[in-house]
file upload_33.cif (mmCIF, C-alpha atoms)
data_run
#
loop_
_atom_site.group_PDB
_atom_site.id
_atom_site.type_symbol
_atom_site.label_atom_id
_atom_site.label_comp_id
_atom_site.auth_asym_id
_atom_site.auth_seq_id
_atom_site.Cartn_x
_atom_site.Cartn_y
_atom_site.Cartn_z
ATOM 1 C CA MET Y 20 60.160 -18.550 0.788
ATOM 2 C CA ARG Y 21 61.467 -16.263 3.509
ATOM 3 C CA PHE Y 22 64.492 -17.577 5.393
ATOM 4 C CA ILE Y 23 62.658 -17.366 8.717
ATOM 5 C CA ASP Y 24 59.933 -19.636 7.284
ATOM 6 C CA PHE Y 25 62.662 -22.042 6.174
ATOM 7 C CA LEU Y 26 64.100 -22.135 9.706
ATOM 8 C CA ALA Y 27 60.689 -22.687 11.231
ATOM 9 C CA ARG Y 28 60.192 -25.733 8.978
ATOM 10 C CA GLY Y 29 63.093 -27.535 10.624
ATOM 11 C CA ILE Y 30 66.011 -26.372 10.629
ATOM 12 C CA SER Y 31 84.058 -26.255 -9.525
ATOM 13 C CA SER Y 32 81.749 -23.447 -10.841
ATOM 14 C CA HIS Y 33 79.268 -23.166 -13.731
ATOM 15 C CA LEU Y 34 76.979 -20.371 -14.870
ATOM 16 C CA TYR Y 35 74.065 -20.789 -17.297
ATOM 17 C CA THR Y 36 71.506 -18.565 -18.969
ATOM 18 C CA THR Y 37 68.526 -20.028 -20.848
ATOM 19 C CA GLY Y 38 64.775 -20.522 -20.899
ATOM 20 C CA LEU Y 39 62.360 -23.463 -21.076
ATOM 21 C CA ASN Y 40 58.881 -23.875 -22.413
ATOM 22 C CA ARG Y 41 56.225 -23.790 -19.722
ATOM 23 C CA LEU Y 42 54.750 -27.201 -20.621
ATOM 24 C CA GLY Y 43 58.090 -28.908 -19.944
ATOM 25 C CA ARG Y 44 58.283 -27.301 -16.507
ATOM 26 C CA VAL Y 45 54.698 -28.245 -15.622
ATOM 27 C CA LEU Y 46 55.200 -31.879 -16.609
ATOM 28 C CA CYS Y 47 58.402 -32.097 -14.581
ATOM 29 C CA ILE Y 48 56.749 -30.588 -11.531
ATOM 30 C CA ALA Y 49 53.912 -33.136 -11.719
ATOM 31 C CA VAL Y 50 56.373 -36.042 -11.860
ATOM 32 C CA LEU Y 51 58.663 -34.689 -9.149
ATOM 33 C CA SER Y 52 55.817 -33.941 -6.776
ATOM 34 C CA ILE Y 53 55.375 -37.670 -6.150
ATOM 35 C CA MET Y 54 59.106 -38.322 -5.630
ATOM 36 C CA PRO Y 55 61.157 -37.356 -2.557
ATOM 37 C CA ALA Y 56 63.588 -34.518 -3.243
ATOM 38 C CA TYR Y 57 66.457 -36.599 -1.840
ATOM 39 C CA PRO Y 58 66.978 -39.727 0.228
ATOM 40 C CA VAL Y 59 65.594 -39.370 3.730
ATOM 41 C CA ALA Y 60 68.193 -39.773 6.469
ATOM 42 C CA LEU Y 61 67.302 -42.347 9.107
ATOM 43 C CA ASP Y 62 69.296 -40.693 11.913
ATOM 44 C CA PRO Y 63 67.477 -37.557 13.167
ATOM 45 C CA ALA Y 64 70.620 -36.203 14.884
ATOM 46 C CA ALA Y 65 72.593 -36.523 11.639
ATOM 47 C CA SER Y 66 69.774 -34.828 9.722
ATOM 48 C CA LEU Y 67 69.792 -31.912 12.152
ATOM 49 C CA ALA Y 68 73.597 -31.568 11.900
ATOM 50 C CA VAL Y 69 73.423 -31.607 8.104
ATOM 51 C CA ARG Y 70 70.623 -29.007 8.079
ATOM 52 C CA GLY Y 71 72.723 -26.895 10.440
ATOM 53 C CA MET Y 72 75.601 -26.936 7.929
ATOM 54 C CA GLU Y 73 73.243 -25.898 5.121
ATOM 55 C CA VAL Y 74 71.975 -22.964 7.186
ATOM 56 C CA GLN Y 75 75.523 -22.012 8.255
ATOM 57 C CA ILE Y 76 76.694 -21.869 4.621
ATOM 58 C CA TYR Y 77 73.654 -19.816 3.610
ATOM 59 C CA GLN Y 78 74.234 -17.326 6.429
ATOM 60 C CA GLU Y 79 77.998 -17.070 5.853
ATOM 61 C CA VAL Y 80 77.590 -16.450 2.130
ATOM 62 C CA ASN Y 81 75.046 -13.707 2.851
ATOM 63 C CA ARG Y 82 77.423 -12.201 5.429
ATOM 64 C CA VAL Y 83 80.155 -12.051 2.765
ATOM 65 C CA ARG Y 84 77.747 -10.532 0.236
ATOM 66 C CA GLY Y 85 76.605 -7.938 2.790
ATOM 67 C CA ALA Y 86 80.207 -6.939 3.569
ATOM 68 C CA ALA Y 87 80.678 -6.370 -0.175
ATOM 69 C CA GLY Y 88 77.513 -4.245 -0.387
ATOM 70 C CA ILE Y 89 75.593 -6.926 -2.318
ATOM 71 C CA PRO Y 90 71.986 -7.799 -1.405
ATOM 72 C CA PRO Y 91 71.490 -11.111 0.420
ATOM 73 C CA LEU Y 92 70.366 -14.218 -1.420
ATOM 74 C CA ALA Y 93 66.837 -15.448 -0.730
ATOM 75 C CA TRP Y 94 66.545 -19.083 0.334
ATOM 76 C CA ASN Y 95 64.879 -21.292 -2.299
ATOM 77 C CA GLU Y 96 63.741 -24.642 -0.884
ATOM 78 C CA ALA Y 97 63.251 -26.249 -4.327
ATOM 79 C CA LEU Y 98 66.791 -25.230 -5.262
ATOM 80 C CA ALA Y 99 68.059 -26.655 -1.963
ATOM 81 C CA GLY Y 100 66.333 -29.934 -2.822
ATOM 82 C CA GLU Y 101 68.131 -30.026 -6.166
ATOM 83 C CA ALA Y 102 71.445 -29.215 -4.466
ATOM 84 C CA LYS Y 103 70.830 -32.056 -1.999
ATOM 85 C CA ARG Y 104 69.914 -34.416 -4.853
ATOM 86 C CA HIS Y 105 73.149 -33.581 -6.705
ATOM 87 C CA ALA Y 106 75.249 -33.997 -3.545
ATOM 88 C CA SER Y 107 73.539 -37.332 -2.889
ATOM 89 C CA ASN Y 108 74.121 -38.529 -6.468
ATOM 90 C CA MET Y 109 77.808 -37.602 -6.271
ATOM 91 C CA ALA Y 110 78.162 -39.475 -2.981
ATOM 92 C CA GLN Y 111 76.229 -42.562 -4.109
ATOM 93 C CA MET Y 112 77.657 -42.782 -7.644
ATOM 94 C CA GLY Y 113 81.245 -41.844 -6.741
ATOM 95 C CA PHE Y 114 81.806 -38.762 -8.897
ATOM 96 C CA PHE Y 115 82.644 -35.114 -8.155
ATOM 97 C CA SER Y 116 81.550 -32.890 -11.009
ATOM 98 C CA HIS Y 117 79.057 -30.286 -12.143
ATOM 99 C CA HIS Y 118 78.018 -32.880 -14.721
ATOM 100 C CA ASP Y 119 75.853 -35.659 -13.298
ATOM 101 C CA PRO Y 120 76.219 -38.751 -15.512
ATOM 102 C CA SER Y 121 72.508 -39.527 -15.180
ATOM 103 C CA ARG Y 122 70.997 -36.014 -14.876
ATOM 104 C CA GLY Y 123 73.322 -33.738 -16.866
ATOM 105 C CA GLU Y 124 74.570 -30.221 -16.215
ATOM 106 C CA LEU Y 125 73.071 -27.820 -13.674
ATOM 107 C CA ALA Y 126 70.900 -26.147 -16.307
ATOM 108 C CA ASP Y 127 69.469 -29.527 -17.343
ATOM 109 C CA ARG Y 128 68.880 -30.606 -13.743
ATOM 110 C CA LEU Y 129 67.068 -27.409 -12.757
ATOM 111 C CA SER Y 130 64.917 -27.397 -15.877
ATOM 112 C CA ALA Y 131 63.995 -31.072 -15.422
ATOM 113 C CA ALA Y 132 62.923 -30.269 -11.855
ATOM 114 C CA GLY Y 133 60.647 -27.492 -13.089
ATOM 115 C CA ILE Y 134 62.656 -24.748 -11.405
ATOM 116 C CA VAL Y 135 62.182 -21.471 -13.257
ATOM 117 C CA TRP Y 136 65.427 -19.595 -13.871
ATOM 118 C CA SER Y 137 67.137 -17.298 -16.372
ATOM 119 C CA ARG Y 138 70.649 -17.622 -14.937
ATOM 120 C CA CYS Y 139 72.134 -20.223 -12.626
ATOM 121 C CA ALA Y 140 75.444 -21.175 -11.035
ATOM 122 C CA GLU Y 141 76.812 -23.870 -8.743
ATOM 123 C CA ASN Y 142 79.619 -24.367 -6.215
ATOM 124 C CA LEU Y 143 80.790 -27.821 -5.094
ATOM 125 C CA TYR Y 144 82.878 -28.931 -2.134
ATOM 126 C CA GLU Y 145 83.946 -32.328 -0.798
ATOM 127 C CA GLU Y 146 86.300 -33.142 2.036
ATOM 128 C CA LYS Y 147 86.862 -35.584 4.873
ATOM 129 C CA GLY Y 148 88.274 -34.976 8.343
ATOM 130 C CA VAL Y 149 87.520 -31.250 8.629
ATOM 131 C CA SER Y 150 86.166 -30.031 11.966
ATOM 132 C CA ASP Y 151 83.949 -27.306 10.431
ATOM 133 C CA PRO Y 152 83.134 -28.318 6.835
ATOM 134 C CA ALA Y 153 80.622 -25.496 6.270
ATOM 135 C CA ARG Y 154 83.127 -22.782 7.186
ATOM 136 C CA ARG Y 155 85.893 -24.539 5.224
ATOM 137 C CA ALA Y 156 83.693 -24.835 2.103
ATOM 138 C CA VAL Y 157 82.906 -21.102 2.082
ATOM 139 C CA SER Y 158 86.556 -20.260 2.746
ATOM 140 C CA MET Y 159 87.717 -22.468 -0.147
ATOM 141 C CA TRP Y 160 85.083 -21.041 -2.502
ATOM 142 C CA LEU Y 161 86.141 -17.494 -1.634
ATOM 143 C CA SER Y 162 89.768 -18.332 -2.453
ATOM 144 C CA SER Y 163 88.767 -19.598 -5.928
ATOM 145 C CA VAL Y 164 88.144 -16.951 -8.607
ATOM 146 C CA ASN Y 165 85.117 -18.631 -10.238
ATOM 147 C CA HIS Y 166 83.476 -19.780 -7.012
ATOM 148 C CA ARG Y 167 83.960 -16.326 -5.492
ATOM 149 C CA LYS Y 168 82.314 -14.821 -8.596
ATOM 150 C CA ASN Y 169 79.245 -16.978 -8.001
ATOM 151 C CA ILE Y 170 79.001 -15.899 -4.359
ATOM 152 C CA LEU Y 171 79.464 -12.202 -5.160
ATOM 153 C CA ASP Y 172 77.370 -12.100 -8.352
ATOM 154 C CA ALA Y 173 74.769 -9.413 -7.613
ATOM 155 C CA THR Y 174 72.584 -10.658 -10.496
ATOM 156 C CA LEU Y 175 71.992 -13.971 -8.690
ATOM 157 C CA SER Y 176 69.199 -13.530 -6.157
ATOM 158 C CA GLU Y 177 68.350 -16.973 -4.728
ATOM 159 C CA CYS Y 178 70.248 -19.983 -3.471
ATOM 160 C CA GLY Y 179 69.855 -23.409 -1.985
ATOM 161 C CA VAL Y 180 72.426 -25.572 -0.220
ATOM 162 C CA GLY Y 181 72.508 -29.360 -0.009
ATOM 163 C CA VAL Y 182 74.847 -31.303 2.278
ATOM 164 C CA VAL Y 183 75.358 -35.059 2.395
ATOM 165 C CA SER Y 184 77.410 -36.794 5.090
ATOM 166 C CA GLN Y 185 78.781 -40.170 4.028
ATOM 167 C CA PRO Y 186 79.372 -43.049 6.472
ATOM 168 C CA ASP Y 187 83.165 -42.655 6.107
ATOM 169 C CA GLY Y 188 82.945 -39.029 7.277
ATOM 170 C CA THR Y 189 83.201 -37.421 3.828
ATOM 171 C CA ILE Y 190 81.039 -34.327 3.509
ATOM 172 C CA VAL Y 191 79.666 -33.353 0.083
ATOM 173 C CA ILE Y 192 78.295 -29.812 -0.264
ATOM 174 C CA VAL Y 193 76.484 -28.265 -3.224
ATOM 175 C CA GLN Y 194 75.400 -24.636 -3.356
ATOM 176 C CA GLU Y 195 73.179 -23.630 -6.263
ATOM 177 C CA PHE Y 196 72.258 -20.078 -7.244
ATOM 178 C CA LEU Y 197 69.701 -18.637 -9.626
ATOM 179 C CA ARG Y 198 67.996 -15.566 -10.953
ATOM 180 C CA LYS Y 199 64.428 -15.965 -12.188
#
call {"tool": "encode", "arguments": {"input": "upload_33.cif", "output": "structure tokens"}}
result
Amino acid sequence: MRFIDFLARGISSHLYTTGLNRLGRVLCIAVLSIMPAYPVALDPAASLAVRGMEVQIYQEVNRVRGAAGIPPLAWNEALAGEAKRHASNMAQMGFFSHHDPSRGELADRLSAAGIVWSRCAENLYEEKGVSDPARRAVSMWLSSVNHRKNILDATLSECGVGVVSQPDGTIVIVQEFLRK
């Protein structure tokens, strides 16, 4: 999906390499197609603010990649849905980890969702009381060796960002990357 199409529709670090059989992916897609990708927010203003943070992170990461002479990442809406689902699970279940107690590691989560990939990576961020959480997340990732590697990895070509805002003001951000 082109980023402009995405906009028109409404505005710790792990790396994996593997493959899945096609039947497993097809079955997962059929099951997931009847389930929402993540809980639907009831407050439209909050949803718009959260989507704005997701877009801001996407754009900032591509700005950093461009300054380093690395091609921009393409937006992947399915990957963004998985990032949002992981952020939501962390917020609801009270954990902060690349390992979801109910859904496993990133590689497991993407494969279960039927997302085709040969290499994947993930950046996480959580904080409360920050005036610009999107900018702060990217800044913190760039100051961490492994997170920076994910952002500047020229072999990764797509990304999705999921942001969840908790009632207490805590912001949970997940950025997932892949190469098909």
call {"tool": "residues_around", "arguments": {"input": "upload_33.cif", "residues": "Y:Ile134", "least_positions_apart": "4", "cutoff": "8 Å", "atoms": "only C-alpha atoms", "output": "ChimeraX atom specification"}}
result
/Y:44,97-98,129-130
call {"tool": "closest_residue", "arguments": {"input": "upload_33.cif", "among": "Y:Ile170, Y:Val157, Y:Arg122, Y:Ala87", "to": "Y:Glu195", "atoms": "all atoms listed in the file"}}
result
Y:Ile170
call {"tool": "resolve_selection", "arguments": {"input": "upload_33.cif", "expression": "the PyMOL selection byres ((chain Y and resi 101) around 10)", "output": "list in words"}}
result
Ala56, Tyr57, Glu96, Ala97, Leu98, Ala99, Gly100, Ala102, Lys103, Arg104, His105, Ala106, Ser107, Leu125, Arg128, Leu129, Ala132, Ile134, Gly179, Val180, Gly181, Val193, Gln194 and Glu195 of chain Y
call {"tool": "resolve_selection", "arguments": {"input": "upload_33.cif", "expression": "the PyMOL selection byres ((chain Y and resi 80) around 9)", "output": "list of chain:residue names"}}
result
Y:Gln75, Y:Ile76, Y:Tyr77, Y:Gln78, Y:Glu79, Y:Asn81, Y:Arg82, Y:Val83, Y:Arg84, Y:Gly85, Y:Pro91, Y:Leu92, Y:Val157, Y:Ile170, Y:Leu171
call {"tool": "write_last_selection", "arguments": {"input": "upload_33.cif", "atoms": "C-alpha atoms", "output": "mmCIF file, keeping the file's coordinate frame"}}
result
data_model
loop_
_atom_site.group_PDB
_atom_site.id
_atom_site.type_symbol
_atom_site.label_atom_id
_atom_site.label_comp_id
_atom_site.auth_asym_id
_atom_site.auth_seq_id
_atom_site.Cartn_x
_atom_site.Cartn_y
_atom_site.Cartn_z
ATOM 1 C CA GLN Y 75 75.523 -22.012 8.255
ATOM 2 C CA ILE Y 76 76.694 -21.869 4.621
ATOM 3 C CA TYR Y 77 73.654 -19.816 3.610
ATOM 4 C CA GLN Y 78 74.234 -17.326 6.429
ATOM 5 C CA GLU Y 79 77.998 -17.070 5.853
ATOM 6 C CA ASN Y 81 75.046 -13.707 2.851
ATOM 7 C CA ARG Y 82 77.423 -12.201 5.429
ATOM 8 C CA VAL Y 83 80.155 -12.051 2.765
ATOM 9 C CA ARG Y 84 77.747 -10.532 0.236
ATOM 10 C CA GLY Y 85 76.605 -7.938 2.790
ATOM 11 C CA PRO Y 91 71.490 -11.111 0.420
ATOM 12 C CA LEU Y 92 70.366 -14.218 -1.420
ATOM 13 C CA VAL Y 157 82.906 -21.102 2.082
ATOM 14 C CA ILE Y 170 79.001 -15.899 -4.359
ATOM 15 C CA LEU Y 171 79.464 -12.202 -5.160
#
call {"tool": "closest_residue", "arguments": {"input": "upload_33.cif", "among": "Y:Asn108, Y:Ser184, Y:Tyr144, Y:Pro90", "to": "Y:Gly123", "atoms": "all atoms listed in the file"}}
result
Y:Asn108
call {"tool": "decode", "arguments": {"input": "upload_33.cif", "residues": "stretch 127-138 of chain Y", "atoms": "N, CA, C and O atoms", "output": "mmCIF file, in the first residue's frame"}}
result
data_model
loop_
_atom_site.group_PDB
_atom_site.id
_atom_site.type_symbol
_atom_site.label_atom_id
_atom_site.label_comp_id
_atom_site.auth_asym_id
_atom_site.auth_seq_id
_atom_site.Cartn_x
_atom_site.Cartn_y
_atom_site.Cartn_z
ATOM 1 N N ASP Y 127 6.462 -15.366 15.516
ATOM 2 C CA ASP Y 127 5.251 -16.170 15.712
ATOM 3 C C ASP Y 127 4.000 -15.345 15.434
ATOM 4 O O ASP Y 127 3.050 -15.814 14.799
ATOM 5 N N ARG Y 128 3.983 -14.113 15.935
ATOM 6 C CA ARG Y 128 2.814 -13.249 15.783
ATOM 7 C C ARG Y 128 2.554 -12.910 14.314
ATOM 8 O O ARG Y 128 1.421 -12.952 13.847
ATOM 9 N N LEU Y 129 3.620 -12.571 13.587
ATOM 10 C CA LEU Y 129 3.449 -12.233 12.171
ATOM 11 C C LEU Y 129 2.992 -13.444 11.372
ATOM 12 O O LEU Y 129 2.089 -13.345 10.533
ATOM 13 N N SER Y 130 3.608 -14.579 11.621
ATOM 14 C CA SER Y 130 3.237 -15.795 10.894
ATOM 15 C C SER Y 130 1.796 -16.189 11.190
ATOM 16 O O SER Y 130 1.044 -16.550 10.279
ATOM 17 N N ALA Y 131 1.377 -16.095 12.437
ATOM 18 C CA ALA Y 131 0.000 -16.435 12.812
ATOM 19 C C ALA Y 131 -1.007 -15.502 12.142
ATOM 20 O O ALA Y 131 -2.140 -15.899 11.859
ATOM 21 N N ALA Y 132 -0.582 -14.272 11.873
ATOM 22 C CA ALA Y 132 -1.462 -13.301 11.214
ATOM 23 C C ALA Y 132 -1.460 -13.451 9.696
ATOM 24 O O ALA Y 132 -2.174 -12.723 9.001
ATOM 25 N N GLY Y 133 -0.641 -14.368 9.190
ATOM 26 C CA GLY Y 133 -0.586 -14.575 7.746
ATOM 27 C C GLY Y 133 0.235 -13.543 7.012
ATOM 28 O O GLY Y 133 0.105 -13.394 5.798
ATOM 29 N N ILE Y 134 1.075 -12.819 7.720
ATOM 30 C CA ILE Y 134 1.925 -11.808 7.085
ATOM 31 C C ILE Y 134 3.170 -12.497 6.540
ATOM 32 O O ILE Y 134 3.900 -13.169 7.272
ATOM 33 N N VAL Y 135 3.385 -12.351 5.248
ATOM 34 C CA VAL Y 135 4.518 -12.982 4.576
ATOM 35 C C VAL Y 135 5.770 -12.165 4.835
ATOM 36 O O VAL Y 135 5.776 -10.947 4.636
ATOM 37 N N TRP Y 136 6.839 -12.828 5.269
ATOM 38 C CA TRP Y 136 8.083 -12.137 5.575
ATOM 39 C C TRP Y 136 9.244 -13.130 5.505
ATOM 40 O O TRP Y 136 9.054 -14.334 5.657
ATOM 41 N N SER Y 137 10.444 -12.606 5.275
ATOM 42 C CA SER Y 137 11.650 -13.432 5.345
ATOM 43 C C SER Y 137 12.579 -12.925 6.442
ATOM 44 O O SER Y 137 13.471 -13.636 6.874
ATOM 45 N N ARG Y 138 12.358 -11.683 6.861
ATOM 46 C CA ARG Y 138 13.145 -11.069 7.930
ATOM 47 C C ARG Y 138 12.256 -10.038 8.610
ATOM 48 O O ARG Y 138 11.504 -9.329 7.940
#
